[in-house]
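Peer 1: Below is the file structure-v2.txt, with compact mmCIF, C-alpha atoms and all ligand atoms.
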# COMPACT_ATOMS: atom_id res chain seq x y z
CA MET M 405 -74.63 5.88 -8.34
CA ALA M 406 -75.78 4.91 -11.83
CA SER M 407 -76.48 8.56 -12.64
CA ILE M 408 -72.97 9.55 -11.44
CA THR M 409 -71.46 6.87 -13.67
CA ALA M 410 -73.58 8.01 -16.61
CA ALA M 411 -72.60 11.64 -15.99
CA THR M 412 -68.87 10.86 -15.81
CA LYS M 413 -69.09 8.92 -19.08
CA LYS M 414 -70.17 12.12 -20.80
CA LEU M 415 -66.97 13.91 -19.71
CA PRO M 416 -63.86 13.86 -21.92
CA TRP M 417 -61.82 10.68 -21.32
CA TRP M 418 -58.83 12.56 -19.85
CA VAL M 419 -60.82 14.17 -16.98
CA GLY M 420 -60.66 10.98 -14.88
CA PRO M 421 -56.89 10.38 -15.05
CA ILE M 422 -56.07 14.05 -14.46
CA THR M 423 -58.43 14.31 -11.46
CA VAL M 424 -56.87 11.18 -9.93
CA THR M 425 -53.37 12.58 -10.53
CA VAL M 426 -54.19 15.85 -8.78
CA VAL M 427 -56.00 14.27 -5.80
CA LEU M 428 -53.46 11.50 -5.14
CA THR M 429 -50.51 13.88 -5.52
CA ALA M 430 -52.09 16.37 -3.11
CA PHE M 431 -52.87 13.63 -0.60
CA GLY M 432 -49.33 12.20 -0.87
CA ILE M 433 -47.73 15.62 -0.32
CA TYR M 434 -50.04 16.42 2.61
CA SER M 435 -49.32 13.06 4.29
CA LEU M 436 -45.58 13.52 3.82
CA VAL M 437 -45.65 17.03 5.30
CA VAL M 438 -47.68 15.85 8.32
CA ALA M 439 -45.45 12.81 8.85
CA LEU M 440 -42.21 14.79 8.60
CA PHE M 441 -43.02 18.10 10.25
CA PHE M 442 -45.84 17.66 12.77
CA GLN M 443 -45.49 16.20 16.23
CA ASP M 444 -48.69 17.36 17.87
CA ALA M 445 -51.85 15.43 17.02
CA GLN M 446 -53.95 15.29 20.20
CA TYR M 447 -56.63 17.92 20.88
CA GLN M 448 -57.34 18.06 24.62
CA ASP M 449 -57.77 14.51 25.91
CA TYR M 450 -60.29 13.10 23.44
CA LEU M 451 -59.44 13.82 19.80
CA LEU M 452 -56.45 12.16 18.16
CA SER M 453 -55.63 12.68 14.48
CA PRO M 454 -56.08 9.38 12.58
CA PHE M 455 -52.65 9.95 11.01
CA PHE M 456 -51.15 9.31 14.47
CA SER M 457 -53.23 6.32 15.60
CA PRO M 458 -52.12 4.04 17.22
CA GLN M 459 -50.34 6.53 19.44
CA ILE M 460 -46.63 5.77 19.55
CA SER M 461 -43.85 7.70 21.25
CA SER M 462 -41.08 8.66 18.89
CA PRO M 463 -37.59 7.79 20.19
CA TYR M 464 -36.29 11.09 18.77
CA ALA M 465 -37.69 14.53 19.46
CA TRP M 466 -37.18 15.55 15.80
CA LEU M 467 -38.97 12.51 14.39
CA SER M 468 -42.76 12.56 14.15
CA PRO M 469 -44.53 9.49 15.59
CA ALA M 470 -46.70 9.49 12.43
CA VAL M 471 -43.71 8.01 10.56
CA PHE M 472 -44.18 4.76 12.54
CA VAL M 473 -47.87 4.53 11.64
CA LEU M 474 -48.51 6.08 8.25
CA TRP M 475 -46.57 3.50 6.21
CA ILE M 476 -49.33 0.95 6.93
CA PRO M 477 -52.37 2.85 5.54
CA LEU M 478 -50.28 4.42 2.77
CA GLY M 479 -48.87 1.01 1.77
CA PHE M 480 -52.40 -0.42 1.92
CA ARG M 481 -53.67 2.24 -0.48
CA ALA M 482 -50.62 2.15 -2.75
CA THR M 483 -51.02 -1.61 -3.29
CA CYS M 484 -54.86 -1.59 -3.42
CA TYR M 485 -56.18 -3.20 -6.61
CA TYR M 486 -58.52 -0.28 -7.27
CA TYR M 487 -55.88 2.42 -6.72
CA ARG M 488 -53.44 0.48 -8.90
CA LYS M 489 -55.85 0.74 -11.79
CA ALA M 490 -56.41 4.42 -10.99
CA TYR M 491 -52.76 5.42 -10.73
CA TYR M 492 -51.53 3.31 -13.64
CA ARG M 493 -53.99 5.28 -15.73
CA ALA M 494 -53.35 8.62 -14.06
CA PHE M 495 -49.57 8.68 -13.57
CA PHE M 496 -48.26 6.29 -16.22
CA TRP M 497 -51.03 6.51 -18.83
CA ASP M 498 -50.65 2.78 -19.17
CA PRO M 499 -53.40 2.69 -20.35
CA PRO M 500 -54.80 6.23 -19.83
CA ALA M 501 -58.40 4.95 -19.98
CA CYS M 502 -60.31 2.01 -21.38
CA GLU M 503 -59.76 1.43 -25.08
CA SER M 504 -63.02 2.89 -26.29
CA ARG M 505 -62.57 6.11 -24.28
CA ALA M 506 -58.87 6.67 -24.82
CA GLN M 507 -59.25 5.89 -28.52
CA GLN M 508 -55.97 4.02 -28.74
CA ARG M 509 -53.91 6.80 -27.12
CA GLU M 510 -51.89 4.36 -25.01
CA PRO M 511 -48.21 5.18 -25.55
CA ARG M 512 -47.05 1.55 -25.36
CA SER M 513 -48.40 -1.24 -27.51
CA PRO M 514 -50.63 -3.61 -25.48
CA GLU M 515 -48.71 -6.55 -27.00
CA ASN M 516 -45.65 -5.46 -25.02
CA TYR M 517 -47.42 -5.69 -21.68
CA ASN M 518 -45.44 -7.94 -19.32
CA GLY M 519 -47.40 -7.58 -16.10
CA GLU M 520 -46.31 -5.81 -12.93
CA ARG M 521 -42.52 -6.06 -12.84
CA ALA M 522 -39.58 -4.52 -10.94
CA LEU M 523 -40.75 -2.30 -8.07
CA PHE M 524 -44.39 -3.10 -8.80
CA VAL M 525 -43.84 -6.73 -7.73
CA LEU M 526 -44.19 -5.28 -4.21
CA ASN M 527 -47.90 -4.86 -4.95
CA ASN M 528 -48.16 -8.58 -4.20
CA ILE M 529 -47.75 -7.88 -0.47
CA HIS M 530 -51.13 -6.14 -0.41
CA ARG M 531 -52.62 -8.82 1.85
CA TYR M 532 -49.98 -8.09 4.53
CA PHE M 533 -50.85 -4.41 4.44
CA LEU M 534 -54.46 -5.53 4.90
CA TYR M 535 -53.54 -7.33 8.13
CA GLY M 536 -51.73 -4.21 9.40
CA SER M 537 -54.63 -1.99 8.37
CA ILE M 538 -57.14 -4.10 10.30
CA VAL M 539 -55.06 -3.45 13.43
CA VAL M 540 -54.97 0.29 12.64
CA VAL M 541 -58.76 0.34 12.11
CA ALA M 542 -59.22 -1.35 15.52
CA PHE M 543 -57.22 1.48 17.14
CA LEU M 544 -59.25 4.06 15.22
CA TRP M 545 -62.48 2.55 16.62
CA TYR M 546 -60.96 2.86 20.10
CA GLU M 547 -60.12 6.54 19.42
CA ALA M 548 -63.66 7.12 18.10
CA VAL M 549 -65.09 5.72 21.36
CA VAL M 550 -62.70 7.92 23.41
CA SER M 551 -63.99 10.95 21.49
CA PHE M 552 -67.42 10.38 23.07
CA PHE M 553 -65.92 11.41 26.42
CA PRO M 554 -64.65 15.00 26.08
CA GLY M 555 -63.38 16.11 29.49
CA GLY M 556 -64.10 12.69 31.03
CA GLY M 557 -67.93 12.66 30.81
CA PHE M 558 -70.14 11.47 27.97
CA GLY M 559 -70.71 14.01 25.23
CA ILE M 560 -70.84 14.47 21.50
CA THR M 561 -68.95 17.18 19.65
CA VAL M 562 -68.37 17.90 15.98
CA GLY M 563 -64.95 16.26 16.47
CA THR M 564 -66.69 13.07 17.69
CA LEU M 565 -68.74 12.93 14.47
CA VAL M 566 -65.66 13.65 12.37
CA LEU M 567 -63.74 10.72 13.92
CA LEU M 568 -66.77 8.44 13.80
CA THR M 569 -67.43 9.17 10.11
CA ASN M 570 -63.77 8.61 9.38
CA VAL M 571 -63.59 5.20 11.04
CA VAL M 572 -66.88 4.01 9.50
CA LEU M 573 -65.67 4.92 6.00
CA LEU M 574 -62.21 3.43 6.64
CA SER M 575 -63.87 0.22 7.87
CA LEU M 576 -66.02 0.05 4.73
CA TYR M 577 -62.90 0.55 2.61
CA THR M 578 -60.82 -2.02 4.55
CA PHE M 579 -63.48 -4.73 4.77
CA SER M 580 -64.51 -4.36 1.12
CA CYS M 581 -60.91 -5.12 0.10
CA HIS M 582 -60.48 -7.82 -2.57
CA SER M 583 -57.87 -9.57 -0.40
CA PHE M 584 -60.24 -9.60 2.57
CA ARG M 585 -62.96 -11.08 0.35
CA HIS M 586 -60.54 -13.81 -0.70
CA LEU M 587 -59.48 -14.36 2.91
CA VAL M 588 -62.99 -14.87 4.30
CA GLY M 589 -64.26 -17.22 1.63
CA GLY M 590 -62.89 -16.62 -1.83
CA ASN M 591 -60.20 -19.25 -1.41
CA LYS M 592 -62.71 -22.12 -1.11
CA ASN M 593 -64.32 -23.97 -4.00
CA CYS M 594 -66.73 -25.95 -1.83
CA TYR M 595 -68.27 -24.43 1.31
CA SER M 596 -70.09 -27.61 2.33
CA CYS M 597 -66.74 -29.44 2.37
CA VAL M 598 -65.10 -27.24 5.04
CA SER M 599 -65.89 -26.57 8.68
CA GLY M 600 -67.89 -23.38 9.21
CA GLY M 601 -68.63 -23.38 5.49
CA ASP M 602 -72.07 -21.82 5.82
CA ALA M 603 -70.73 -18.92 7.91
CA ARG M 604 -67.91 -18.44 5.40
CA ARG M 605 -70.35 -18.38 2.49
CA LYS M 606 -72.53 -15.78 4.24
CA THR M 607 -69.50 -13.66 5.15
CA PHE M 608 -68.17 -13.93 1.60
CA ASN M 609 -71.53 -12.82 0.19
CA ALA M 610 -71.70 -9.86 2.60
CA VAL M 611 -68.14 -8.76 1.74
CA SER M 612 -68.93 -9.18 -1.97
CA LYS M 613 -71.79 -6.68 -1.60
CA LEU M 614 -69.43 -4.18 0.04
CA ASN M 615 -66.78 -4.93 -2.57
CA ILE M 616 -69.02 -3.72 -5.42
CA ARG M 617 -68.58 -0.17 -4.07
CA HIS M 618 -64.89 -0.54 -3.18
CA SER M 619 -63.83 2.41 -5.34
CA LEU M 620 -66.45 4.62 -3.67
CA TRP M 621 -65.24 3.65 -0.17
CA ALA M 622 -61.66 4.24 -1.33
CA TRP M 623 -62.31 7.86 -2.26
CA LEU M 624 -64.72 8.71 0.56
CA SER M 625 -62.37 7.28 3.21
CA LEU M 626 -59.44 9.18 1.68
CA PHE M 627 -61.29 12.49 1.99
CA ALA M 628 -62.58 11.57 5.47
CA VAL M 629 -59.13 10.86 6.90
CA LEU M 630 -57.77 14.02 5.31
CA PHE M 631 -60.62 16.11 6.69
CA ALA M 632 -60.24 14.57 10.19
CA ASP M 633 -56.56 15.53 10.33
CA VAL M 634 -57.20 19.04 8.96
CA TYR M 635 -60.06 19.56 11.44
CA ILE M 636 -57.91 18.56 14.44
CA ARG M 637 -55.03 20.69 13.15
CA MET M 638 -57.37 23.73 13.01
CA LEU M 639 -58.45 23.05 16.62
CA LEU M 640 -54.80 22.74 17.69
CA ALA M 641 -54.00 26.01 15.94
CA GLY M 642 -56.72 27.67 18.05
CA TRP M 643 -58.84 28.76 15.10
CA PHE M 644 -62.00 27.72 16.98
CA MET M 645 -63.23 25.43 19.77
CA ASP M 646 -64.72 22.02 19.00
CA PRO M 647 -68.50 22.76 19.04
CA THR M 648 -70.53 20.67 21.49
CA ILE M 649 -73.63 18.94 20.11
CA LEU M 650 -74.78 17.02 23.19
S1 LIG M 701 -58.14 -4.10 -3.00
FE1 LIG M 701 -58.37 -2.06 -2.37
S2 LIG M 701 -57.82 -2.16 -0.29
FE2 LIG M 701 -57.52 -4.21 -0.96
Rewrite the structure of this file - the entire thing - as structure tokens.
Ligand code: FES
Peer 2:
Amino acid sequence: MASITAATKKLPWWVGPITVTVVLTAFGIYSLVVALFFQDAQYQDYLLSPFFSPQISSPYAWLSPAVFVLWIPLGFRATCYYYRKAYYRAFFWDPPACESRAQQREPRSPENYNGERALFVLNNIHRYFLYGSIVVVAFLWYEAVVSFFPGGGFGITVGTLVLLTNVVLLSLYTFSCHSFRHLVGGNKNCYSCVSGGDARRKTFNAVSKLNIRHSLWAWLSLFAVLFADVYIRMLLAGWFMDPTIL
């Protein structure tokens, strides 16, 4: 991790913002296309695309059920403290990088900074997206367990590992969230003064350890969920069968 950080510091300062712009734009477009134009997300009886979990029936044949689900994880990511830093730099160049790296290239004077205003006030509802995302992650764990039973009996396929990897990384991302850290113990000044204080302190410390790598979980889980949907879409298109491992 330290070597990755050291290596990225040697790159020109604009590489980071441009990479984030490209990746987030591509992910946003892909999600939109899936949500608007795809109805089918279940391969046989055991693999469900994470974009469609929990499984909901759409009231209209022309409307994808993903529309009723995707707003939760997308809202969670859009209001995430880490992604906010990343996309403010990438899309708005405000600032484009830290001062030493961007060498004062910020288009607006820092003295004129007024905080997150107008539409960005909605970022304050991040904690509510967290609650919704915890529910979604619970359904994804259920789908991961279902994937261990292809055709009704126990078995492991590549698809099983894809869904399992996805839900593990999404859990690491969700439970390393700054709002979750605050929820479990960050809102207390004195643990010995509250009931269950010791358990809260231990939970807070555990979440704090996860939280150090929050940006890593953010990117890995983004690629995992994207790969899981692409993999299931390739199976549905009949490009190949899901290989059995066990
Ligand atoms: S701060 Fe990133 S998900 Fe909450």
Peer 1: Please identify the residues whose atoms come within 9 Å of ligand LIG 701 (chain M), using all atoms listed in the file, and report them as a short mmCIF file (atom, residue, chain, number, x, y, z; two decimals) with C-alpha atoms, keeping the file's coordinate frame.
Peer 2:
data_model
loop_
_atom_site.label_atom_id
_atom_site.label_comp_id
_atom_site.auth_asym_id
_atom_site.auth_seq_id
_atom_site.Cartn_x
_atom_site.Cartn_y
_atom_site.Cartn_z
CA PHE M 480 -52.40 -0.42 1.92
CA ARG M 481 -53.67 2.24 -0.48
CA ALA M 482 -50.62 2.15 -2.75
CA THR M 483 -51.02 -1.61 -3.29
CA CYS M 484 -54.86 -1.59 -3.42
CA TYR M 485 -56.18 -3.20 -6.61
CA TYR M 486 -58.52 -0.28 -7.27
CA TYR M 487 -55.88 2.42 -6.72
CA ARG M 488 -53.44 0.48 -8.90
CA HIS M 530 -51.13 -6.14 -0.41
CA ARG M 531 -52.62 -8.82 1.85
CA PHE M 533 -50.85 -4.41 4.44
CA LEU M 534 -54.46 -5.53 4.90
CA TYR M 577 -62.90 0.55 2.61
CA THR M 578 -60.82 -2.02 4.55
CA PHE M 579 -63.48 -4.73 4.77
CA SER M 580 -64.51 -4.36 1.12
CA CYS M 581 -60.91 -5.12 0.10
CA HIS M 582 -60.48 -7.82 -2.57
CA SER M 583 -57.87 -9.57 -0.40
CA PHE M 584 -60.24 -9.60 2.57
CA ARG M 585 -62.96 -11.08 0.35
CA ASN M 615 -66.78 -4.93 -2.57
CA HIS M 618 -64.89 -0.54 -3.18
CA SER M 619 -63.83 2.41 -5.34
CA ALA M 622 -61.66 4.24 -1.33
#
Peer 1: Measure the distance from CA of Leu573 in chain M to CA of Val427 in chain M in Å and round it to one decimal.
Peer 2: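 Atom-to-atom, CA of Leu573 in chain M and CA of Val427 in chain M are spaced 17.9 Å apart.
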Peer 1: Sorted by chain and rising residue number, which residues of range 466-575 of chain M lie within 10 Å of range 439-449 of chain M, and what are their closest atom pairs and distances in Å to one decimal, counting all atoms listed in the file, as CSV?
Peer 2:
residue,atom,partner,partner_atom,distance
M:Trp466,CA,M:Gln443,CA,8.3
M:Leu467,CA,M:Leu440,CA,7.0
M:Ser468,CA,M:Gln443,CA,5.0
M:Pro469,CA,M:Gln443,CA,6.8
M:Ala470,CA,M:Ala439,CA,5.0
M:Val471,CA,M:Ala439,CA,5.4
M:Phe472,CA,M:Ala439,CA,8.9
M:Val473,CA,M:Ala439,CA,9.1
M:Leu474,CA,M:Ala439,CA,7.4
M:Trp475,CA,M:Ala439,CA,9.7
M:Val550,CA,M:Asp449,CA,8.6
M:Ser551,CA,M:Asp449,CA,8.4
M:Phe553,CA,M:Asp449,CA,8.7
M:Pro554,CA,M:Asp449,CA,6.9
M:Gly555,CA,M:Asp449,CA,6.8
M:Gly556,CA,M:Asp449,CA,8.3
M:Gly563,CA,M:Tyr447,CA,9.6
Peer 1: Counting only C-alpha atoms, note down every residue that has an atom within 9 Å of the point (-69.3, 15.2, 16.1) (file coordinates), as an MDAnalysis selection string.
Peer 2: chainID M and resid 551:552 560:569 646:649
Peer 1: Which protein, DNA or RNA residues have an atom at most 12 Å from (-65.2, 13.3, 3.8), counting only C-alpha atoms? List them as an mmCIF file with C-alpha atoms, keeping the file's coordinate frame.
Peer 2:
data_model
loop_
_atom_site.group_PDB
_atom_site.id
_atom_site.type_symbol
_atom_site.label_atom_id
_atom_site.label_comp_id
_atom_site.auth_asym_id
_atom_site.auth_seq_id
_atom_site.Cartn_x
_atom_site.Cartn_y
_atom_site.Cartn_z
ATOM 1 C CA LEU M 565 -68.740 12.930 14.470
ATOM 2 C CA VAL M 566 -65.660 13.650 12.370
ATOM 3 C CA LEU M 567 -63.740 10.720 13.920
ATOM 4 C CA LEU M 568 -66.770 8.440 13.800
ATOM 5 C CA THR M 569 -67.430 9.170 10.110
ATOM 6 C CA ASN M 570 -63.770 8.610 9.380
ATOM 7 C CA VAL M 571 -63.590 5.200 11.040
ATOM 8 C CA VAL M 572 -66.880 4.010 9.500
ATOM 9 C CA LEU M 573 -65.670 4.920 6.000
ATOM 10 C CA LEU M 574 -62.210 3.430 6.640
ATOM 11 C CA LEU M 620 -66.450 4.620 -3.670
ATOM 12 C CA TRP M 621 -65.240 3.650 -0.170
ATOM 13 C CA ALA M 622 -61.660 4.240 -1.330
ATOM 14 C CA TRP M 623 -62.310 7.860 -2.260
ATOM 15 C CA LEU M 624 -64.720 8.710 0.560
ATOM 16 C CA SER M 625 -62.370 7.280 3.210
ATOM 17 C CA LEU M 626 -59.440 9.180 1.680
ATOM 18 C CA PHE M 627 -61.290 12.490 1.990
ATOM 19 C CA ALA M 628 -62.580 11.570 5.470
ATOM 20 C CA VAL M 629 -59.130 10.860 6.900
ATOM 21 C CA LEU M 630 -57.770 14.020 5.310
ATOM 22 C CA PHE M 631 -60.620 16.110 6.690
ATOM 23 C CA ALA M 632 -60.240 14.570 10.190
ATOM 24 C CA ASP M 633 -56.560 15.530 10.330
ATOM 25 C CA VAL M 634 -57.200 19.040 8.960
ATOM 26 C CA TYR M 635 -60.060 19.560 11.440
#
Peer 1: One decimal, Å: what's the distance from CA of Tyr546 in chain M over to CA of Ile460 in chain M, could you say?
Peer 2: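 Computed distance, CA of Tyr546 in chain M to CA of Ile460 in chain M, equals 14.6 Å.
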Peer 1: Tell me which of M:Ala465, M:Pro477, M:Cys594, M:Phe456 sits closest to Ser537 in chain M, counting all atoms listed in the file.
Peer 2: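 When distances to Ser537 in chain M are compared using all atoms listed in the file, the smallest one comes from M:Pro477.
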Peer 1: Let me make sure I understand: among M:Gly601, M:Pro421, M:Gly590, M:Gly432, which one has the smallest atom-to-atom distance to Phe495 in chain M if we use all atoms listed in the file?
Peer 2: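 Smallest distance to Phe495 in chain M is found for M:Pro421.
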Peer 1: Rounded to one decimal place, report the CA of Pro458 in chain M-CA of Val540 in chain M distance in Å.
Peer 2: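 That distance, rounded to one decimal, is 6.6 Å.
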Peer 1: Set the distance at 9 Å and use all atoms listed in the file: which residues neighbour Asn609 in chain M once local chain neighbours fewer than 4 positions away are removed? I'd like the list as an MDAnalysis selection string.
Peer 2: chainID M and resid 585 589 604:605 613:614
Peer 1: Put the listed atoms of range 607-625 of chain M in a box along x, y and z with 6 Å added on every side and give me the centre and edge lengths in Å to one decimal, as lines of an AutoDock Vina configuration file.
Peer 2:
center_x = -66.7
center_y = -2.6
center_z = -0.1
size_x = 22.1
size_y = 34.6
size_z = 22.6
